[in-house]
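Right, one structure below, let's go through it.
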Amino acid sequence: MLDMRFLKENPEFVREACRLKGVRADVDRAVALDARRREILLEKEALQNGRNRVSREIAGKRKAGEEPRAEQEEMRKVGDRIAALEVEERAVAAELHSLMLAIPNHPDPDAPVGDGSANREIASWGEKPSFPFEPRPHWEICETLGLLDFRRGVKIAGSGFILYRGAGARLERALINFFLDFHVSRHGYAEWFPPFLVNRDSMIGTGQIPKLEEDMYRCDKDDDLFLIPTAEVPITNIHRDEILRPADLPLRYCAYSACFRREAGAAGKDTRGLLRVHEFNKVELVKVVRPEESGDEHERLRTDVEDVLRELELPYRVVNLATGDMSFSAAKCYDFEVWAAGTGKYLEVSSCSNYTDYQARRANIRFRDDGKKVRFVHTLNASGLALPRTMAAIVENGQREDGSIAVPRALRPYLGGMTEIGTA
């Protein structure tokens, strides 16, 4: 959420930010509502002060034996007006809050302007593997080796839900444990294990609601609970409505969770296998930092993601997302895409975002700085990593002519020393 003062002082800037992100928001209405809210408060305060003054006069007249009928009638009218103003104040505040939630974060000046075609590759690493045979896509390999059971997954839950089996289930578990261990021991993140259900306030706090509510799984209308789309939601909300101490920052958290999203797209070649699913596993990295440190922390977060990709020996590229392709809440975002030989393209496995104080304002996460002033923190997060496409790339890049898959060195200790996954 934006600062109201900033919005009032920079309405044209905010309108341009909405245009760059492709979001329609009524900035002028928000400014007008804020002005009306202030008018109501001033009028209400003046009426209350007057009522207090007249009440003292009434008390004085009664003490003198007079019956202050005119003053009492005046106070009845004042009371009615105050009550009407309070009703209007609540309506104005509710509409203003709704409008403010619909205004996106403004993009960083370093973000390329445009839609996805304007995304800019800024780094790459590794050599694409070559094969003396035609590489196969992961869904064929996994079916042949019995790592995934697509048909029964559909029977159990429907399209977009994956049933892992045997070595495939073990590889999935190995990746989760490797990611957690790597980020805790190598990068110093503190591990959490969050609930997979969150309330509406949590979803509002990180920006999924109201913008993306239709893409979320709402599972209980009475309790208004949602299945999480990412561990970013519960982990960022750990400190909702809190004031942190200067010594607490920066906070670096990591967490595993299952993730649930409706937006799996239409059926077709881009949704086969593990490319687009409704439920998937992911290890998330979240940072809560001082505003003046968020730029540097964003670059460190990018490095942390690169480290784990290199450890898995996966060729990748880093893309600076354009204004129209980044998320509603992000100010700046890097996407990490790994090369998958059988699919023949790069697959996104992580988004690394700086939200500045946008989420902190929505979730009311603050800190007391060294001068004792209470300020909003900055929040950041990245996937470290999302598992479906990571597994797809490992399977496709590690495939051998005999049908087996080479296991990356980093995962072998998590698979009992296995160097390959074969048909046996």
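Chain identifiers are assigned as A, B, and so on, following the order in which chains appear in the structure tokens; residues are numbered from 1 within each chain, and ligands are numbered from 1 in order of appearance.
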
- Item | Backbone-only DSSP, strand (DSSP E) members of range 316-372 of chain A, as a ChimeraX atom specification | /A:316-320,332-340,345-354,366-368

- Task: Determine, counting only C-alpha atoms, which protein, DNA and RNA residues have an atom within 7 Å of an atom of Ala331 in chain A; residues of the same chain fewer than 6 positions away are not included. Present the result as a ChimeraX atom specification.
- Result: /A:105-108,354-356

- Message: If we count only C-alpha atoms and set the cut-off at 12 Å, which residues sit around Ala35 in chain A, ignoring sequence neighbours fewer than 3 positions away in its own chain? Please answer as a list of chain:residue names.
- Response: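 The filter keeps A:Met4, A:Arg5, A:Lys8, A:Asp28, A:Arg29, A:Ala30, A:Val31, A:Ala32, A:Arg38, A:Glu39, A:Ile40, A:Leu41, A:Leu42, A:Glu89, A:Val92, A:Ala93, A:Leu96.
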
May I have the selected residues written with C-alpha atoms, as a tab-separated table (two decimals), in the first residue's frame?
```tsv
chain	number	residue	atom	x	y	z
A	4	MET	CA	-1.40	8.58	1.40
A	5	ARG	CA	0.74	11.70	1.72
A	8	LYS	CA	-1.55	13.31	-2.64
A	28	ASP	CA	-8.30	10.94	-8.25
A	29	ARG	CA	-11.15	9.32	-6.32
A	30	ALA	CA	-8.70	8.24	-3.59
A	31	VAL	CA	-7.37	11.80	-3.26
A	32	ALA	CA	-10.91	13.21	-3.15
A	38	ARG	CA	-10.34	15.24	6.62
A	39	GLU	CA	-13.28	17.63	6.19
A	40	ILE	CA	-15.48	15.26	8.19
A	41	LEU	CA	-12.91	15.02	10.98
A	42	LEU	CA	-12.57	18.81	11.20
A	89	GLU	CA	-16.76	8.76	7.90
A	92	VAL	CA	-15.53	7.06	3.22
A	93	ALA	CA	-12.78	5.23	5.15
A	96	LEU	CA	-10.69	4.78	0.53
```

- Query: Quick one: residues within 9 Å of Gly50 in chain A, only C-alpha atoms counted, chain neighbours fewer than 5 positions away excluded, as JSON, numbers by chain?
  - Reply: {"A": [45, 55, 78]}

Generate a file of the selected residues that holds C-alpha atoms, formatted as a compact mmCIF listing (two decimals), in the first residue's frame.
```txt
# COMPACT_ATOMS: atom_id res chain seq x y z
CA GLU A 45 -14.11 18.03 16.04
CA SER A 55 -22.94 21.43 27.90
CA VAL A 78 -25.60 18.68 17.00
```

- Query: Which distance in Å separates CA of Cys219 in chain A and CA of Gly158 in chain A, to one decimal?
  - Reply: 16.6 Å

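Using only C-alpha atoms, the smallest distance between any of A:Pro291, A:Gly205, A:Gly22, A:Pro388 and Gln359 in chain A comes from A:Gly205.
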
- Message: as a VMD selection string, please: every residue in range 107-190 of chain A that DSSP puts in helix (DSSP H, G or I).
- Response: chain A and resid 116 to 118 138 to 145 150 to 157 166 to 185

Can you write just those residues out, N, CA and C atoms, as a compact mmCIF listing (two decimals), in the first residue's frame?
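Writing the result to selection21.txt gives the following:
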```txt
# COMPACT_ATOMS: atom_id res chain seq x y z
N GLY A 116 6.24 -8.08 -21.23
CA GLY A 116 7.24 -9.12 -21.11
C GLY A 116 8.30 -9.10 -22.20
N SER A 117 7.98 -8.55 -23.36
CA SER A 117 8.97 -8.49 -24.44
C SER A 117 10.11 -7.53 -24.12
N ALA A 118 9.91 -6.67 -23.12
CA ALA A 118 10.96 -5.71 -22.73
C ALA A 118 11.85 -6.25 -21.61
N HIS A 138 10.77 -34.10 -19.85
CA HIS A 138 10.75 -34.76 -18.55
C HIS A 138 9.52 -35.63 -18.34
N TRP A 139 8.38 -35.25 -18.92
CA TRP A 139 7.17 -36.06 -18.67
C TRP A 139 7.30 -37.45 -19.28
N GLU A 140 8.01 -37.56 -20.40
CA GLU A 140 8.24 -38.89 -20.98
C GLU A 140 9.22 -39.69 -20.14
N ILE A 141 10.31 -39.03 -19.72
CA ILE A 141 11.34 -39.72 -18.92
C ILE A 141 10.75 -40.18 -17.59
N CYS A 142 10.01 -39.28 -16.92
CA CYS A 142 9.46 -39.60 -15.61
C CYS A 142 8.44 -40.73 -15.69
N GLU A 143 7.69 -40.77 -16.77
CA GLU A 143 6.71 -41.84 -16.93
C GLU A 143 7.42 -43.17 -17.18
N THR A 144 8.46 -43.15 -18.02
CA THR A 144 9.21 -44.36 -18.32
C THR A 144 9.87 -44.93 -17.07
N LEU A 145 10.44 -44.03 -16.23
CA LEU A 145 11.15 -44.47 -15.03
C LEU A 145 10.22 -44.65 -13.83
N PHE A 150 1.04 -39.43 -13.68
CA PHE A 150 0.15 -38.34 -14.09
C PHE A 150 -1.30 -38.78 -14.11
N ARG A 151 -1.56 -39.99 -14.59
CA ARG A 151 -2.93 -40.46 -14.75
C ARG A 151 -3.63 -40.58 -13.40
N ARG A 152 -2.95 -41.16 -12.43
CA ARG A 152 -3.59 -41.33 -11.11
C ARG A 152 -3.66 -39.99 -10.36
N GLY A 153 -2.73 -39.10 -10.62
CA GLY A 153 -2.82 -37.77 -10.03
C GLY A 153 -4.09 -37.06 -10.46
N VAL A 154 -4.43 -37.19 -11.74
CA VAL A 154 -5.67 -36.60 -12.26
C VAL A 154 -6.88 -37.28 -11.63
N LYS A 155 -6.80 -38.61 -11.47
CA LYS A 155 -7.91 -39.35 -10.87
C LYS A 155 -8.16 -38.91 -9.43
N ILE A 156 -7.08 -38.66 -8.71
CA ILE A 156 -7.20 -38.31 -7.29
C ILE A 156 -7.69 -36.87 -7.09
N ALA A 157 -7.11 -35.93 -7.85
CA ALA A 157 -7.38 -34.51 -7.56
C ALA A 157 -7.77 -33.69 -8.78
N GLY A 166 7.98 -43.51 -5.83
CA GLY A 166 9.30 -44.13 -5.83
C GLY A 166 10.45 -43.14 -5.77
N ALA A 167 11.38 -43.28 -6.72
CA ALA A 167 12.55 -42.41 -6.76
C ALA A 167 12.17 -40.96 -7.04
N GLY A 168 11.02 -40.76 -7.70
CA GLY A 168 10.56 -39.39 -7.95
C GLY A 168 10.18 -38.70 -6.66
N ALA A 169 9.46 -39.43 -5.77
CA ALA A 169 9.09 -38.88 -4.47
C ALA A 169 10.34 -38.64 -3.64
N ARG A 170 11.29 -39.55 -3.75
CA ARG A 170 12.53 -39.40 -2.98
C ARG A 170 13.36 -38.22 -3.48
N LEU A 171 13.38 -38.02 -4.80
CA LEU A 171 14.10 -36.88 -5.37
C LEU A 171 13.44 -35.56 -4.95
N GLU A 172 12.12 -35.52 -4.92
CA GLU A 172 11.41 -34.32 -4.46
C GLU A 172 11.77 -34.00 -3.02
N ARG A 173 11.78 -35.01 -2.17
CA ARG A 173 12.13 -34.81 -0.76
C ARG A 173 13.58 -34.39 -0.62
N ALA A 174 14.46 -34.96 -1.44
CA ALA A 174 15.88 -34.60 -1.39
C ALA A 174 16.07 -33.13 -1.74
N LEU A 175 15.36 -32.65 -2.75
CA LEU A 175 15.48 -31.25 -3.15
C LEU A 175 15.02 -30.32 -2.03
N ILE A 176 13.89 -30.64 -1.39
CA ILE A 176 13.40 -29.81 -0.30
C ILE A 176 14.44 -29.72 0.81
N ASN A 177 14.95 -30.88 1.24
CA ASN A 177 15.92 -30.89 2.33
C ASN A 177 17.22 -30.20 1.95
N PHE A 178 17.66 -30.40 0.71
CA PHE A 178 18.88 -29.75 0.24
C PHE A 178 18.73 -28.23 0.25
N PHE A 179 17.63 -27.74 -0.27
CA PHE A 179 17.41 -26.28 -0.31
C PHE A 179 17.41 -25.69 1.10
N LEU A 180 16.69 -26.32 2.02
CA LEU A 180 16.63 -25.81 3.39
C LEU A 180 18.01 -25.83 4.04
N ASP A 181 18.70 -26.95 3.95
CA ASP A 181 20.03 -27.06 4.55
C ASP A 181 21.00 -26.05 3.94
N PHE A 182 20.91 -25.89 2.63
CA PHE A 182 21.84 -25.00 1.92
C PHE A 182 21.65 -23.55 2.38
N HIS A 183 20.42 -23.10 2.42
CA HIS A 183 20.19 -21.69 2.77
C HIS A 183 20.41 -21.42 4.26
N VAL A 184 20.17 -22.42 5.11
CA VAL A 184 20.43 -22.23 6.54
C VAL A 184 21.93 -22.23 6.82
N SER A 185 22.64 -23.23 6.30
CA SER A 185 24.07 -23.36 6.62
C SER A 185 24.95 -22.43 5.80
```

Mind dumping a table of every range 262-312 of chain A residue within 10 Å of range 365-375 of chain A, with the nearest atom pair and its distance in Å to one decimal, using only C-alpha atoms, sorted by chain and rising number, as a tab-separated table?
```
residue	atom	partner	partner_atom	distance
A:Val288	CA	A:Ile365	CA	9.1
A:Val289	CA	A:Phe367	CA	9.3
A:Arg290	CA	A:Phe367	CA	8.2
A:Pro291	CA	A:Arg375	CA	8.8
```

- Message: Between CA of Tyr358 in chain A and CA of Asn199 in chain A, what distance in Å does the model show, to one decimal?
- Response: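 Separation of CA of Tyr358 in chain A and CA of Asn199 in chain A: 19.2 Å.
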
- Message: Need the shell around Ala231 in chain A: protein/DNA/RNA residues with any atom at most 10 Å away, counting only C-alpha atoms. Skip same-chain ones fewer than 6 positions apart. Format as a PyMOL selection string?
- Response: chain A and resi 192-196+237+254-259+281-286+381+383

- Name the residues in contact with Val198 in chain A at a cut-off of 7 Å, using only C-alpha atoms, excluding same-chain residues fewer than 3 positions from it; report them as a list of chain:residue names.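 My list of contacting residues is A:Ser202, A:Leu225, A:Phe226, A:Leu227, A:Ile228, A:Pro234.
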
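Remark: for Ala17 in chain A, the closest of the candidate residues A:Ile103, A:Asp224, A:Glu74, A:Val377 is A:Ile103 (distances computed over only C-alpha atoms).
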
- If you count only C-alpha atoms, the residue of A:Ala406, A:Glu242, A:Leu7, A:Glu71 closest to Met418 in chain A turns out to be A:Ala406

- What is the distance between CA of Arg276 in chain A and CA of Tyr189 in chain A, in Å to one decimal? 28.4 Å

- Taking into account only C-alpha atoms, which residue in the set A:Arg400, A:Arg272, A:Lys287, A:Arg36 is nearest to Phe133 in chain A? A:Arg400

- Message: Would you pick out the contacts of Gly207 in chain A at 9 Å or less, using only C-alpha atoms, so that residues sharing its chain but fewer than 5 positions from it are not included, and give the list as JSON, numbers by chain?
- Response: {"A": [1, 101, 104, 202, 212, 233, 328, 329, 358, 359, 362]}

For the residues selected in the previous step, produce a file with N, CA and C atoms as a PDB file, in the first residue's frame.
```
ATOM      1  N   MET A   1       0.840  -1.181   0.000  1.00  0.00           N
ATOM      2  CA  MET A   1       0.000   0.000   0.000  1.00  0.00           C
ATOM      3  C   MET A   1       0.883   1.242   0.000  1.00  0.00           C
ATOM      4  N   LEU A 101      -5.901  -0.281  -1.632  1.00  0.00           N
ATOM      5  CA  LEU A 101      -5.456  -1.657  -1.846  1.00  0.00           C
ATOM      6  C   LEU A 101      -5.349  -1.996  -3.327  1.00  0.00           C
ATOM      7  N   PRO A 104      -1.130  -0.310  -7.263  1.00  0.00           N
ATOM      8  CA  PRO A 104       0.075  -1.145  -7.163  1.00  0.00           C
ATOM      9  C   PRO A 104       1.282  -0.365  -6.661  1.00  0.00           C
ATOM     10  N   SER A 202      -3.742 -11.811   6.252  1.00  0.00           N
ATOM     11  CA  SER A 202      -2.419 -12.214   5.780  1.00  0.00           C
ATOM     12  C   SER A 202      -2.297 -12.074   4.267  1.00  0.00           C
ATOM     13  N   LEU A 212      -5.519 -10.691  -6.673  1.00  0.00           N
ATOM     14  CA  LEU A 212      -5.432 -12.055  -7.196  1.00  0.00           C
ATOM     15  C   LEU A 212      -6.377 -13.024  -6.497  1.00  0.00           C
ATOM     16  N   VAL A 233       3.617 -15.660   2.102  1.00  0.00           N
ATOM     17  CA  VAL A 233       2.463 -15.079   2.790  1.00  0.00           C
ATOM     18  C   VAL A 233       2.549 -15.289   4.303  1.00  0.00           C
ATOM     19  N   PHE A 328       2.124  -7.211  -8.937  1.00  0.00           N
ATOM     20  CA  PHE A 328       1.406  -6.043  -8.460  1.00  0.00           C
ATOM     21  C   PHE A 328       2.151  -5.336  -7.333  1.00  0.00           C
ATOM     22  N   SER A 329       2.763  -6.107  -6.437  1.00  0.00           N
ATOM     23  CA  SER A 329       3.355  -5.539  -5.221  1.00  0.00           C
ATOM     24  C   SER A 329       4.838  -5.218  -5.346  1.00  0.00           C
ATOM     25  N   TYR A 358       5.959  -1.443   0.482  1.00  0.00           N
ATOM     26  CA  TYR A 358       4.580  -1.651   0.037  1.00  0.00           C
ATOM     27  C   TYR A 358       3.856  -2.700   0.882  1.00  0.00           C
ATOM     28  N   GLN A 359       4.471  -3.883   1.051  1.00  0.00           N
ATOM     29  CA  GLN A 359       3.856  -4.915   1.881  1.00  0.00           C
ATOM     30  C   GLN A 359       3.847  -4.499   3.348  1.00  0.00           C
ATOM     31  N   ARG A 362       0.859  -2.428   4.156  1.00  0.00           N
ATOM     32  CA  ARG A 362      -0.366  -3.222   4.172  1.00  0.00           C
ATOM     33  C   ARG A 362      -0.430  -4.083   5.437  1.00  0.00           C
TER      34      ARG A 362
END
```
